[in-house]
>>> print(open('start_9.cif').read())   # mmCIF, C-alpha atoms
data_run
loop_
_atom_site.label_atom_id
_atom_site.label_comp_id
_atom_site.auth_asym_id
_atom_site.auth_seq_id
_atom_site.Cartn_x
_atom_site.Cartn_y
_atom_site.Cartn_z
CA MET A 109 120.72 114.24 108.86
CA LEU A 110 121.07 111.00 110.83
CA LEU A 111 118.14 110.13 113.13
CA ARG A 112 118.36 107.42 115.79
CA ALA A 113 115.29 106.00 117.56
CA ARG A 114 114.42 103.26 120.04
CA ILE A 115 112.23 101.61 117.39
CA VAL A 116 112.10 102.31 113.66
CA VAL A 117 108.97 101.05 111.88
CA PRO A 118 109.59 101.31 108.12
CA ILE A 119 106.25 99.57 107.22
CA SER A 120 107.82 98.07 104.09
CA GLN A 121 110.06 95.89 106.29
CA PRO A 122 109.85 94.59 109.88
CA PRO A 123 110.37 96.96 112.84
CA ILE A 124 113.99 97.64 113.82
CA ALA A 125 115.10 97.91 117.44
CA ASP A 126 117.64 100.73 117.99
CA GLY A 127 117.32 101.82 114.39
CA PHE A 128 118.18 104.82 112.27
CA VAL A 129 117.04 106.78 109.24
CA ARG A 130 119.45 108.91 107.24
CA VAL A 131 117.97 111.88 105.35
CA ASP A 132 119.59 113.90 102.60
CA GLY A 133 117.51 116.93 101.63
CA ASN A 134 113.97 115.80 100.79
CA TYR A 135 114.79 112.10 100.63
CA ILE A 136 115.60 109.09 102.76
CA ILE A 137 118.92 107.57 101.72
CA GLU A 138 119.45 104.86 104.34
CA VAL A 139 117.43 102.85 106.89
CA GLY A 140 118.70 100.18 109.24
CA ALA A 141 120.04 99.11 112.62
CA TRP A 142 122.20 101.56 114.59
CA ALA A 143 124.96 98.98 114.92
CA ASP A 144 125.36 99.03 111.13
CA VAL A 145 125.81 102.80 110.76
CA LYS A 146 129.21 103.58 109.25
CA ASN A 147 129.30 107.36 109.68
CA LYS A 148 127.69 108.51 112.94
CA SER A 149 128.72 112.16 112.76
CA GLU A 150 125.96 114.73 113.29
CA ALA A 151 123.60 112.06 114.63
CA VAL A 152 120.43 113.15 116.41
CA ASP A 153 119.24 110.70 119.06
CA LEU A 154 115.45 111.04 119.20
CA GLY A 155 115.33 108.92 122.34
CA GLU A 156 112.47 106.76 123.55
CA VAL A 157 110.30 106.96 120.47
CA ILE A 158 108.93 105.05 117.54
CA LEU A 159 110.08 106.57 114.26
CA LEU A 160 107.65 105.79 111.43
CA PRO A 161 106.52 107.26 108.12
CA GLY A 162 103.99 110.05 107.98
CA LEU A 163 100.50 108.67 107.49
CA VAL A 164 98.59 108.84 104.20
CA ASN A 165 94.92 109.86 104.37
CA ALA A 166 93.21 108.65 101.20
CA HIS A 167 89.98 110.63 101.61
CA CYS A 168 89.03 113.89 103.27
CA HIS A 169 86.86 117.00 102.91
CA LEU A 170 88.99 119.71 104.52
CA ASP A 171 86.42 122.42 103.80
CA TYR A 172 83.90 120.73 106.14
CA THR A 173 86.25 120.84 109.14
CA ASP A 174 84.40 123.65 110.91
CA PHE A 175 81.12 121.73 110.58
CA VAL A 176 82.32 119.45 113.37
CA GLY A 177 79.39 118.35 115.53
CA ALA A 178 77.01 120.59 113.55
CA VAL A 179 74.78 117.80 112.25
CA PRO A 180 73.23 115.55 114.92
CA THR A 181 72.98 111.93 113.84
CA PRO A 182 70.42 112.12 111.02
CA ARG A 183 67.47 109.83 110.46
CA SER A 184 68.71 109.08 106.95
CA PHE A 185 71.52 109.81 104.54
CA THR A 186 69.16 112.02 102.53
CA ASP A 187 68.46 114.08 105.65
CA TRP A 188 72.21 114.51 106.13
CA ILE A 189 72.61 115.74 102.54
CA ASN A 190 69.85 118.29 103.13
CA ALA A 191 71.59 119.47 106.32
CA ILE A 192 74.95 119.84 104.56
CA VAL A 193 73.40 121.80 101.70
CA ASP A 194 71.87 124.18 104.26
CA LEU A 195 75.18 124.56 106.14
CA LYS A 196 77.17 125.24 102.98
CA ALA A 197 74.73 127.95 101.92
CA ASP A 198 75.90 130.07 104.87
CA VAL A 199 79.64 129.64 104.25
CA ASP A 200 81.38 132.65 102.72
CA ASP A 201 84.76 132.61 101.00
CA ALA A 202 86.73 133.48 104.14
CA ALA A 203 85.00 130.75 106.17
CA HIS A 204 85.72 128.20 103.43
CA ARG A 205 89.42 129.01 103.49
CA GLU A 206 89.58 128.97 107.29
CA SER A 207 87.84 125.60 107.55
CA TRP A 208 90.16 124.08 104.92
CA LEU A 209 93.23 125.37 106.71
CA HIS A 210 91.97 124.25 110.13
CA GLY A 211 91.58 120.75 108.71
CA ALA A 212 95.03 120.76 107.11
CA ALA A 213 96.60 121.78 110.42
CA GLN A 214 94.74 119.02 112.27
CA CYS A 215 95.87 116.37 109.78
CA LEU A 216 99.49 117.46 110.08
CA ARG A 217 99.35 117.63 113.88
CA HIS A 218 98.06 114.04 113.97
CA GLY A 219 100.83 112.69 111.78
CA THR A 220 99.26 112.79 108.32
CA THR A 221 101.74 114.05 105.75
CA THR A 222 99.99 113.09 102.49
CA LEU A 223 96.32 113.73 101.86
CA GLY A 224 93.75 112.99 99.16
CA ASN A 225 91.21 115.80 99.40
CA ILE A 226 87.96 116.58 97.60
CA GLU A 227 88.02 120.17 96.38
CA THR A 228 84.91 122.27 95.74
CA ARG A 229 86.66 125.62 95.13
CA PRO A 230 89.61 125.26 92.77
CA ASP A 231 89.85 129.05 92.55
CA PHE A 232 91.15 129.02 96.16
CA LEU A 233 93.57 126.14 95.73
CA PRO A 234 96.79 127.92 94.71
CA GLU A 235 96.50 130.07 97.85
CA LEU A 236 95.62 127.12 100.08
CA TRP A 237 98.30 124.84 98.67
CA ALA A 238 100.90 127.47 99.50
CA ALA A 239 99.65 127.76 103.09
CA THR A 240 100.32 124.13 104.16
CA PRO A 241 103.34 121.82 103.89
CA LEU A 242 101.07 118.78 103.33
CA ARG A 243 101.59 116.67 100.24
CA LEU A 244 98.24 116.93 98.51
CA VAL A 245 96.33 115.07 95.85
CA SER A 246 93.45 117.44 95.15
CA PHE A 247 90.42 115.93 93.41
CA LEU A 248 88.23 118.58 91.76
CA GLU A 249 84.58 117.82 92.54
CA LEU A 250 82.18 117.57 89.60
CA ILE A 251 78.40 117.62 90.10
CA VAL A 252 76.30 117.56 86.92
CA ILE A 253 72.76 116.23 87.17
CA ARG A 254 70.44 118.02 84.73
CA ALA A 255 69.91 116.52 81.27
CA GLN A 256 70.65 119.80 79.50
CA SER A 257 73.97 120.32 81.31
CA ASP A 258 77.11 119.98 79.19
CA ALA A 259 79.02 117.23 80.99
CA ALA A 260 81.81 117.07 78.42
CA GLN A 261 82.49 120.79 78.85
CA ALA A 262 82.54 120.47 82.64
CA VAL A 263 85.21 117.77 82.40
CA ALA A 264 87.16 119.71 79.77
CA ASP A 265 87.18 122.82 81.98
CA ALA A 266 88.43 120.84 84.98
CA THR A 267 91.06 119.08 82.88
CA ASP A 268 92.31 122.40 81.50
CA TRP A 269 92.55 123.80 85.02
CA ILE A 270 94.57 120.81 86.20
CA ALA A 271 96.93 121.16 83.24
CA SER A 272 97.85 124.68 84.34
CA HIS A 273 97.86 124.24 88.15
CA LYS A 274 99.88 121.89 90.33
CA PRO A 275 100.34 121.63 94.11
CA PRO A 276 103.88 122.37 95.34
CA SER A 277 104.10 118.66 96.16
CA GLY A 278 101.50 116.27 94.80
CA HIS A 279 99.08 116.46 91.90
CA ALA A 280 95.43 116.95 91.02
CA GLY A 281 92.66 114.77 89.64
CA LEU A 282 88.91 114.59 89.19
CA SER A 283 86.13 113.68 91.58
CA PRO A 284 82.84 112.94 89.85
CA HIS A 285 81.03 113.32 93.16
CA ALA A 286 78.76 110.26 93.28
CA PRO A 287 76.54 108.23 90.94
CA TYR A 288 73.44 110.11 92.06
CA THR A 289 74.93 113.58 91.40
CA THR A 290 76.41 112.81 88.00
CA LYS A 291 75.18 111.81 84.55
CA PRO A 292 76.55 108.77 82.73
CA ASP A 293 78.11 110.97 80.04
CA LEU A 294 80.03 112.85 82.73
CA LEU A 295 81.45 109.58 84.03
CA GLU A 296 82.37 108.51 80.50
CA ALA A 297 84.13 111.83 79.90
CA CYS A 298 86.04 111.46 83.18
CA ALA A 299 87.11 107.93 82.31
CA ALA A 300 88.43 109.13 78.95
CA THR A 301 90.86 111.58 80.59
CA ASP A 302 93.11 108.98 82.25
CA LEU A 303 93.45 111.35 85.24
CA PRO A 304 93.43 110.07 88.84
CA MET A 305 89.89 109.99 90.17
CA ALA A 306 88.02 109.63 93.45
CA MET A 307 84.28 108.98 93.67
CA HIS A 308 81.82 108.30 96.48
CA LEU A 309 80.40 104.88 95.61
CA ALA A 310 77.94 102.56 97.34
CA GLU A 311 77.93 104.91 100.31
CA SER A 312 74.36 104.60 101.60
CA ALA A 313 71.33 102.30 101.60
CA GLU A 314 69.39 105.06 99.83
CA GLU A 315 71.95 105.23 97.01
CA ASP A 316 71.78 101.45 96.75
CA GLU A 317 67.98 101.55 96.53
CA MET A 318 68.06 104.34 93.94
CA PHE A 319 70.23 102.36 91.54
CA ARG A 320 69.10 98.81 92.22
CA GLN A 321 65.38 99.47 92.59
CA GLY A 322 64.81 102.84 90.95
CA SER A 323 63.01 104.11 94.04
CA GLY A 324 63.44 105.58 97.52
CA PRO A 325 63.95 109.00 99.12
CA LEU A 326 67.22 109.78 97.34
CA TYR A 327 65.68 108.81 93.99
CA GLU A 328 62.74 111.10 94.65
CA ARG A 329 64.95 113.99 95.78
CA LEU A 330 67.13 113.82 92.67
CA ALA A 331 64.18 113.36 90.31
CA ALA A 332 62.58 116.48 91.78
CA ALA A 333 65.86 118.34 91.22
CA GLY A 334 65.71 117.61 87.48
CA ARG A 335 68.02 114.61 87.22
CA GLU A 336 67.34 112.21 84.36
CA MET A 337 66.67 108.88 86.13
CA ALA A 338 66.86 106.40 83.25
CA ASP A 339 70.16 105.03 84.61
CA CYS A 340 68.42 103.81 87.79
CA GLY A 341 66.86 100.40 88.41
CA ARG A 342 69.67 98.71 86.48
CA GLY A 343 71.87 97.26 89.21
CA SER A 344 74.26 98.45 91.89
CA PRO A 345 76.14 101.76 91.94
CA ILE A 346 79.34 99.79 91.28
CA ALA A 347 77.78 98.18 88.21
CA HIS A 348 76.66 101.65 87.09
CA ALA A 349 80.22 102.99 87.38
CA ASN A 350 81.49 99.95 85.49
CA ARG A 351 79.07 100.54 82.59
CA SER A 352 80.46 104.06 82.30
CA GLY A 353 84.04 102.76 82.04
CA LEU A 354 85.07 104.35 85.32
CA LEU A 355 86.40 101.30 87.14
CA SER A 356 90.18 101.18 86.76
CA GLU A 357 93.39 101.47 88.75
CA ASN A 358 93.01 105.26 88.34
CA LEU A 359 89.91 105.25 90.56
CA ILE A 360 89.60 105.47 94.32
CA ALA A 361 86.14 104.27 95.37
CA ILE A 362 85.12 106.07 98.55
CA HIS A 363 83.14 104.28 101.28
CA GLY A 364 81.83 101.10 99.59
CA ASN A 365 79.44 100.50 102.48
CA TYR A 366 76.89 98.53 100.45
CA LEU A 367 78.63 95.92 98.32
CA ASP A 368 77.55 92.50 97.16
CA ASP A 369 79.88 89.76 95.93
CA ASP A 370 79.65 90.91 92.30
CA ASP A 371 80.57 94.46 93.33
CA ILE A 372 83.66 93.24 95.17
CA ARG A 373 84.64 91.11 92.19
CA LEU A 374 84.35 94.13 89.87
CA LEU A 375 86.49 96.26 92.17
CA ALA A 376 89.16 93.57 92.39
CA GLU A 377 89.19 92.73 88.67
CA ASN A 378 89.55 96.40 87.73
CA HIS A 379 92.22 97.14 90.38
CA VAL A 380 90.11 99.83 92.05
CA SER A 381 91.31 101.04 95.46
CA LEU A 382 88.67 101.47 98.15
CA VAL A 383 88.67 103.86 101.11
CA HIS A 384 86.81 102.96 104.30
CA CYS A 385 86.10 105.73 106.83
CA PRO A 386 85.32 103.95 110.13
CA ARG A 387 84.07 106.92 112.18
CA SER A 388 81.83 108.16 109.38
CA HIS A 389 80.51 104.61 108.92
CA ALA A 390 79.62 104.40 112.61
CA TYR A 391 78.00 107.86 112.59
CA PHE A 392 75.49 106.78 109.95
CA GLY A 393 74.98 103.29 111.35
CA HIS A 394 75.62 101.70 107.96
CA ALA A 395 75.45 97.97 107.31
CA PRO A 396 78.57 96.06 108.47
CA PHE A 397 81.56 96.89 106.29
CA ARG A 398 82.81 93.89 104.28
CA ALA A 399 86.46 94.24 105.20
CA GLU A 400 87.33 90.53 105.14
CA ALA A 401 85.66 89.90 101.77
CA LEU A 402 87.44 92.89 100.23
CA ARG A 403 90.84 91.78 101.52
CA THR A 404 90.27 88.19 100.41
CA ALA A 405 89.42 89.45 96.92
CA GLY A 406 92.63 91.46 96.82
CA VAL A 407 91.13 94.95 96.81
CA ASN A 408 93.61 97.65 97.84
CA LEU A 409 91.96 98.76 101.09
CA CYS A 410 92.72 102.15 102.63
CA LEU A 411 91.42 104.17 105.56
CA GLY A 412 90.37 107.82 105.42
CA THR A 413 88.90 110.38 107.77
CA ASP A 414 86.05 111.64 105.58
CA SER A 415 84.91 114.99 107.05
CA LEU A 416 84.14 116.25 110.53
CA ALA A 417 80.56 116.82 109.39
CA THR A 418 80.10 113.11 110.10
CA MET A 419 81.30 113.21 113.70
CA ARG A 420 79.06 113.40 116.77
CA ALA A 421 81.64 114.89 119.14
CA GLY A 422 82.14 118.63 118.87
CA ASP A 423 85.85 118.28 119.72
CA ALA A 424 86.64 115.62 117.08
CA GLU A 425 89.64 116.21 114.82
CA LEU A 426 90.92 114.77 111.56
CA SER A 427 93.09 111.95 112.89
CA LEU A 428 93.89 108.64 111.24
CA PHE A 429 94.81 107.30 114.67
CA GLU A 430 91.15 107.73 115.64
CA GLU A 431 90.13 105.87 112.48
CA LEU A 432 92.52 103.02 113.32
CA ARG A 433 91.01 102.64 116.78
CA ALA A 434 87.46 102.82 115.41
CA TYR A 435 88.34 100.07 112.94
CA CYS A 436 89.74 97.88 115.70
CA GLU A 437 86.57 98.37 117.75
CA ALA A 438 84.42 97.35 114.78
CA PHE A 439 86.63 94.39 113.75
CA PRO A 440 88.40 93.04 116.84
CA ASP A 441 88.95 89.70 115.12
CA LEU A 442 90.41 91.23 111.94
CA ALA A 443 92.81 93.67 113.51
CA ASP A 444 96.07 92.23 112.18
CA LEU A 445 98.24 95.21 113.10
CA GLU A 446 100.73 95.00 110.25
CA THR A 447 97.95 94.75 107.66
CA LEU A 448 95.98 97.50 109.37
CA LEU A 449 98.90 99.95 109.37
CA GLN A 450 99.32 99.34 105.65
CA CYS A 451 95.82 100.83 105.24
CA VAL A 452 97.13 104.24 106.37
CA THR A 453 100.56 104.04 104.71
CA VAL A 454 101.55 101.98 101.67
CA ASN A 455 98.02 101.13 100.49
CA PRO A 456 96.79 104.74 100.19
CA ALA A 457 100.18 105.72 98.77
CA ARG A 458 99.49 103.26 95.95
CA ALA A 459 95.90 104.50 95.59
CA LEU A 460 97.07 108.11 95.26
CA GLY A 461 99.72 107.26 92.68
CA MET A 462 102.63 107.78 95.10
CA ALA A 463 103.78 104.21 95.79
CA GLY A 464 107.38 104.10 96.94
CA GLN A 465 107.39 107.84 97.56
CA VAL A 466 105.32 108.15 100.75
CA GLY A 467 103.93 105.90 103.48
CA GLU A 468 107.16 104.01 104.14
CA LEU A 469 110.69 104.56 105.37
CA ALA A 470 112.69 103.37 102.41
CA VAL A 471 115.58 104.50 100.26
CA ASP A 472 114.45 107.17 97.76
CA ALA A 473 111.15 107.77 99.57
CA PHE A 474 110.39 111.33 100.65
CA ALA A 475 111.64 112.31 104.10
CA ASP A 476 108.13 112.48 105.55
CA LEU A 477 108.08 110.88 108.99
CA MET A 478 106.98 111.25 112.58
CA THR A 479 107.75 110.13 116.10
CA LEU A 480 105.50 108.76 118.83
CA PRO A 481 106.65 108.39 122.45
CA PHE A 482 107.42 104.76 123.32
CA ASP A 483 109.65 103.03 125.88
CA GLY A 484 108.45 99.44 125.53
CA PRO A 485 109.80 96.36 123.78
CA ILE A 486 109.75 96.02 120.00
CA GLU A 487 107.00 93.39 120.00
CA PHE A 488 104.53 95.99 121.32
CA ALA A 489 105.49 98.78 118.90
CA MET A 490 102.80 98.12 116.29
CA LYS A 491 100.10 97.99 118.97
CA ALA A 492 101.38 101.27 120.41
CA ILE A 493 101.01 102.95 117.02
CA VAL A 494 97.45 101.73 116.49
CA ASN A 495 96.45 102.70 120.04
CA HIS A 496 98.11 106.12 119.96
CA ALA A 497 95.83 108.96 121.11
CA GLY A 498 96.35 112.65 120.49
CA PRO A 499 98.85 114.48 118.29
CA ALA A 500 102.13 113.05 117.10
CA GLN A 501 105.24 114.07 119.03
CA ARG A 502 107.09 115.31 115.94
CA VAL A 503 106.19 115.43 112.24
CA MET A 504 108.65 115.93 109.38
CA LEU A 505 108.00 116.78 105.73
CA TYR A 506 110.63 117.40 103.05
CA GLY A 507 113.31 116.63 105.67
CA LYS A 508 112.13 119.48 107.89
CA TRP A 509 110.37 119.20 111.26
CA GLU A 510 106.98 120.89 110.83
CA VAL A 511 105.49 119.79 114.18
CA SER A 512 107.43 119.41 117.43
CA CYS A 513 105.98 119.16 120.94
CA GLU A 514 107.33 121.81 123.26
CA ASN A 515 108.52 119.38 125.94
CA ASP A 516 109.67 116.44 123.84
#
>>> encode(input="start_9.cif", output="C-alpha cells")
Amino acid sequence: MLLRARIVVPISQPPIADGFVRVDGNYIIEVGAWADVKNKSEAVDLGEVILLPGLVNAHCHLDYTDFVGAVPTPRSFTDWINAIVDLKADVDDAAHRESWLHGAAQCLRHGTTTLGNIETRPDFLPELWAATPLRLVSFLELIVIRAQSDAAQAVADATDWIASHKPPSGHAGLSPHAPYTTKPDLLEACAATDLPMAMHLAESAEEDEMFRQGSGPLYERLAAAGREMADCGRGSPIAHANRSGLLSENLIAIHGNYLDDDDIRLLAENHVSLVHCPRSHAYFGHAPFRAEALRTAGVNLCLGTDSLATMRAGDAELSLFEELRAYCEAFPDLADLETLLQCVTVNPARALGMAGQVGELAVDAFADLMTLPFDGPIEFAMKAIVNHAGPAQRVMLYGKWEVSCEND
C-alpha cells in the first residue's frame, strides 16, 4: 500500500511536503518525498491532508469514561476520592465493560492508536482486548493498605496472571496505585519483578502533606481505613518511591504535580518517565506544573488524558488533541511545537516500552497512522496538528483503516 499526502509528518524527522508512506502488512517499509518514489503502482492519493503517526496516550482510566461530568469540581482531592468511591460502588459488570469500550472508541476516533491504561478488572480484559483494535499496555492496579494484607502474594498473583495473558498487540504490567494506597513491601515486591509499571505519584497537595508532614485530610482518611502510617513524615512521595526501589526506567510516574528540585533530580537520575495530564491538572487547580524544570533535567515527559471523571464538561471525550491545546493554554511560552508533539508520540512510546514501534512514521514501525485535513503550507503543519479539534479524518492500525469519515 502506497499512501501519498500533501504533508507527511514522521515526527522522527522533519515534515515532508508532498510525501508518501509505503506499508507492507502491519509495517511501514518506506517514508519519503513523492518525487523519490520508484514504484508508484497502486498508489492512493489521500489529498489535502497531513499524514502522521497515531498518537500514544501514556495514561488513561477507560473504565471511568461514563463518569464524564459526574463529579463537580471538588473542594479537595480527598473529596474527589470519596466521590469516585461512591460512583464505583454503583457500577455493575456490564456498566464497567461499556464504559471501558466507550473510552476505547473515543481514543481511537481522536487518533490515539496506542494506550497505557490502568486496569481494575483483569477478569474482563481478554474480552475487552478482543473488542478493540487499540494497541494496549494494560497496567493491573494494586491497592494494598492494611498491615495484615499479604502484599507479596498480591504481586505474585498479578505477575502470574500477566504471564498467562497478553493483549493481541501490546503487553501488561503492574500499577501499584499510589503511595497512599500501597504499603512499602508492596512497592518493593513490584520493583523486584522487573515488569513495566505505572504509578500515580505526587498527584495532590494532600498526598504531599501526608508524606512530607505526616498530617492532613488524606493522612487522616487512610489512617482511619487501617493503613499503617509509619512511612509518612519522611519526605516527598517521590523520595518514598525511591526508598522502595521503585524508581527506574521501568516506571511511568503519573501526574507529578507537586515536585521539588530533589524530586526532579531523582526522576531524571533514575530514567523515570512522567505523564502530565493538562485537563485533569486544570480541573483540580493544582500548583503550576514544572514542565520547564522537568525538560531541563532530561525527564522523558509525556501527555495523557487521565479519565473523564476529572472533566467539568459533560460532553468531554478522551482526546490527546484536547490535552495538547490545554497544555498550550497553560504554557504559551513553552509551546515548542516539535517538542510538544513528541510528548504524544515518541516520548510515550519510549515510556511504554515501544520505542521505534509506535509514535513515528519510520521503517519497521507499525503501520499505525492517521490523517487530518490540511491545505496550507508546510510551515504551518505542526501548528495545525496541535490546534486540531474533533475526531481525526482517518485512523489506521495494523495497516488497516479503522476510522474513516464518511465524506472525506
>>> resolve_selection(input="start_9.cif", expression="the PyMOL selection byres ((chain A and resi 424) around 12)", output="count of residues only")
30
>>> residues_around(input="start_9.cif", residues="Ala405 in chain A", least_positions_apart="3", cutoff="12 Å", atoms="all atoms listed in the file", output="PyMOL selection string")
chain A and resi 369-381+398-402+408-409
>>> residues_around(input="start_9.cif", residues="range 300-316 of chain A", least_positions_apart="4", cutoff="7 Å", atoms="all atoms listed in the file", output="list in words")
Phe185, Phe247, Gly281, Leu282, Ser283, Pro284, His285, Ala286, Pro287, Glu296, Arg320, Gly324, Pro325, Leu326, Ser344, Pro345, Ile346, Asn358, Leu359, Ile360, Ala361, Ile362, His363, Gly364, Asn365, Tyr366 and Leu367 of chain A
>>> atom_distance(input="start_9.cif", atom1="CA of Thr221 in chain A", atom2="CA of Asp476 in chain A")
6.6 Å
>>> closest_residue(input="start_9.cif", among="A:Ala238, A:Val252, A:Ile136, A:Leu195", to="Gly464 in chain A", atoms="only C-alpha atoms")
A:Ile136
>>> residues_around(input="start_9.cif", residues="His167 in chain A", least_positions_apart="6", cutoff="7 Å", atoms="only C-alpha atoms", output="list in words")
Gly224, Asn225, Val383, Gly412, Thr413 and Asp414 of chain A
>>> atom_distance(input="start_9.cif", atom1="CA of Ala202 in chain A", atom2="CA of Phe232 in chain A")
10.2 Å
>>> resolve_selection(input="start_9.cif", expression="the PyMOL selection byres ((chain A and resi 204) around 10)", output="PDB file with C-alpha atoms, keeping the file's coordinate frame")
ATOM      1  CA  LEU A 170      88.990 119.710 104.520  1.00  0.00           C
ATOM      2  CA  ASP A 171      86.420 122.420 103.800  1.00  0.00           C
ATOM      3  CA  TYR A 172      83.900 120.730 106.140  1.00  0.00           C
ATOM      4  CA  THR A 173      86.250 120.840 109.140  1.00  0.00           C
ATOM      5  CA  ASP A 174      84.400 123.650 110.910  1.00  0.00           C
ATOM      6  CA  LYS A 196      77.170 125.240 102.980  1.00  0.00           C
ATOM      7  CA  VAL A 199      79.640 129.640 104.250  1.00  0.00           C
ATOM      8  CA  ASP A 200      81.380 132.650 102.720  1.00  0.00           C
ATOM      9  CA  ASP A 201      84.760 132.610 101.000  1.00  0.00           C
ATOM     10  CA  ALA A 202      86.730 133.480 104.140  1.00  0.00           C
ATOM     11  CA  ALA A 203      85.000 130.750 106.170  1.00  0.00           C
ATOM     12  CA  ARG A 205      89.420 129.010 103.490  1.00  0.00           C
ATOM     13  CA  GLU A 206      89.580 128.970 107.290  1.00  0.00           C
ATOM     14  CA  SER A 207      87.840 125.600 107.550  1.00  0.00           C
ATOM     15  CA  TRP A 208      90.160 124.080 104.920  1.00  0.00           C
ATOM     16  CA  LEU A 209      93.230 125.370 106.710  1.00  0.00           C
ATOM     17  CA  HIS A 210      91.970 124.250 110.130  1.00  0.00           C
ATOM     18  CA  THR A 228      84.910 122.270  95.740  1.00  0.00           C
ATOM     19  CA  ARG A 229      86.660 125.620  95.130  1.00  0.00           C
ATOM     20  CA  PHE A 232      91.150 129.020  96.160  1.00  0.00           C
TER      21      PHE A 232
END
>>> resolve_selection(input="start_9.cif", expression="the PyMOL selection byres ((chain A and resi 457) around 12)", output="mmCIF file with C-alpha atoms, in the frame of the given file")
data_model
loop_
_atom_site.group_PDB
_atom_site.id
_atom_site.type_symbol
_atom_site.label_atom_id
_atom_site.label_comp_id
_atom_site.auth_asym_id
_atom_site.auth_seq_id
_atom_site.Cartn_x
_atom_site.Cartn_y
_atom_site.Cartn_z
ATOM 1 C CA PRO A 161 106.520 107.260 108.120
ATOM 2 C CA GLY A 162 103.990 110.050 107.980
ATOM 3 C CA LEU A 163 100.500 108.670 107.490
ATOM 4 C CA VAL A 164 98.590 108.840 104.200
ATOM 5 C CA ASN A 165 94.920 109.860 104.370
ATOM 6 C CA ALA A 166 93.210 108.650 101.200
ATOM 7 C CA HIS A 167 89.980 110.630 101.610
ATOM 8 C CA THR A 220 99.260 112.790 108.320
ATOM 9 C CA THR A 221 101.740 114.050 105.750
ATOM 10 C CA THR A 222 99.990 113.090 102.490
ATOM 11 C CA LEU A 223 96.320 113.730 101.860
ATOM 12 C CA GLY A 224 93.750 112.990 99.160
ATOM 13 C CA ARG A 243 101.590 116.670 100.240
ATOM 14 C CA LEU A 244 98.240 116.930 98.510
ATOM 15 C CA VAL A 245 96.330 115.070 95.850
ATOM 16 C CA GLY A 278 101.500 116.270 94.800
ATOM 17 C CA ILE A 360 89.600 105.470 94.320
ATOM 18 C CA SER A 381 91.310 101.040 95.460
ATOM 19 C CA VAL A 383 88.670 103.860 101.110
ATOM 20 C CA ASN A 408 93.610 97.650 97.840
ATOM 21 C CA LEU A 409 91.960 98.760 101.090
ATOM 22 C CA CYS A 410 92.720 102.150 102.630
ATOM 23 C CA LEU A 411 91.420 104.170 105.560
ATOM 24 C CA GLN A 450 99.320 99.340 105.650
ATOM 25 C CA CYS A 451 95.820 100.830 105.240
ATOM 26 C CA VAL A 452 97.130 104.240 106.370
ATOM 27 C CA THR A 453 100.560 104.040 104.710
ATOM 28 C CA VAL A 454 101.550 101.980 101.670
ATOM 29 C CA ASN A 455 98.020 101.130 100.490
ATOM 30 C CA PRO A 456 96.790 104.740 100.190
ATOM 31 C CA ARG A 458 99.490 103.260 95.950
ATOM 32 C CA ALA A 459 95.900 104.500 95.590
ATOM 33 C CA LEU A 460 97.070 108.110 95.260
ATOM 34 C CA GLY A 461 99.720 107.260 92.680
ATOM 35 C CA MET A 462 102.630 107.780 95.100
ATOM 36 C CA ALA A 463 103.780 104.210 95.790
ATOM 37 C CA GLY A 464 107.380 104.100 96.940
ATOM 38 C CA GLN A 465 107.390 107.840 97.560
ATOM 39 C CA VAL A 466 105.320 108.150 100.750
ATOM 40 C CA GLY A 467 103.930 105.900 103.480
ATOM 41 C CA GLU A 468 107.160 104.010 104.140
ATOM 42 C CA ALA A 473 111.150 107.770 99.570
ATOM 43 C CA PHE A 474 110.390 111.330 100.650
#
>>> closest_residue(input="start_9.cif", among="A:His279, A:Lys274, A:His394, A:Arg217", to="Glu510 in chain A", atoms="all atoms listed in the file")
A:Arg217
>>> residues_near_point(input="start_9.cif", point="(118.2, 102.4, 113.1)", cutoff="9 Å", atoms="all atoms listed in the file", output="ChimeraX atom specification")
/A:111-116,124-130,139-145
>>> axis_aligned_box(input="start_9.cif", around="range 125-137 of chain A", padding_each_side="3 Å", output="AutoDock Vina command-line options")
--center_x 116.8 --center_y 107.4 --center_z 109.3 --size_x 11.6 --size_y 25.0 --size_z 23.4
>>> atom_distance(input="start_9.cif", atom1="CA of Glu227 in chain A", atom2="CA of Asp258 in chain A")
20.4 Å
>>> closest_residue(input="start_9.cif", among="A:Glu437, A:Glu446, A:Glu317, A:Asp293", to="Arg351 in chain A", atoms="all atoms listed in the file")
A:Asp293
>>> decode(input="start_9.cif", residues="range 443-450 of chain A", atoms="N, CA and C atoms", output="mmCIF file, in the first residue's frame")
data_model
loop_
_atom_site.group_PDB
_atom_site.id
_atom_site.type_symbol
_atom_site.label_atom_id
_atom_site.label_comp_id
_atom_site.auth_asym_id
_atom_site.auth_seq_id
_atom_site.Cartn_x
_atom_site.Cartn_y
_atom_site.Cartn_z
ATOM 1 N N ALA A 443 5.502 26.395 24.393
ATOM 2 C CA ALA A 443 4.850 25.539 23.403
ATOM 3 C C ALA A 443 5.680 25.399 22.132
ATOM 4 N N ASP A 444 6.903 24.867 22.250
ATOM 5 C CA ASP A 444 7.670 24.489 21.076
ATOM 6 C C ASP A 444 6.953 23.296 20.448
ATOM 7 N N LEU A 445 6.438 23.476 19.230
ATOM 8 C CA LEU A 445 5.502 22.503 18.679
ATOM 9 C C LEU A 445 6.144 21.139 18.426
ATOM 10 N N GLU A 446 7.358 21.132 17.946
ATOM 11 C CA GLU A 446 8.027 19.857 17.688
ATOM 12 C C GLU A 446 8.220 19.082 18.993
ATOM 13 N N THR A 447 8.694 19.776 20.027
ATOM 14 C CA THR A 447 8.897 19.134 21.327
ATOM 15 C C THR A 447 7.572 18.684 21.922
ATOM 16 N N LEU A 448 6.546 19.507 21.752
ATOM 17 C CA LEU A 448 5.239 19.178 22.302
ATOM 18 C C LEU A 448 4.652 17.929 21.646
ATOM 19 N N LEU A 449 4.751 17.827 20.325
ATOM 20 C CA LEU A 449 4.217 16.649 19.639
ATOM 21 C C LEU A 449 4.965 15.380 20.029
ATOM 22 N N GLN A 450 6.219 15.506 20.407
ATOM 23 C CA GLN A 450 6.944 14.338 20.894
ATOM 24 C C GLN A 450 6.329 13.781 22.175
#
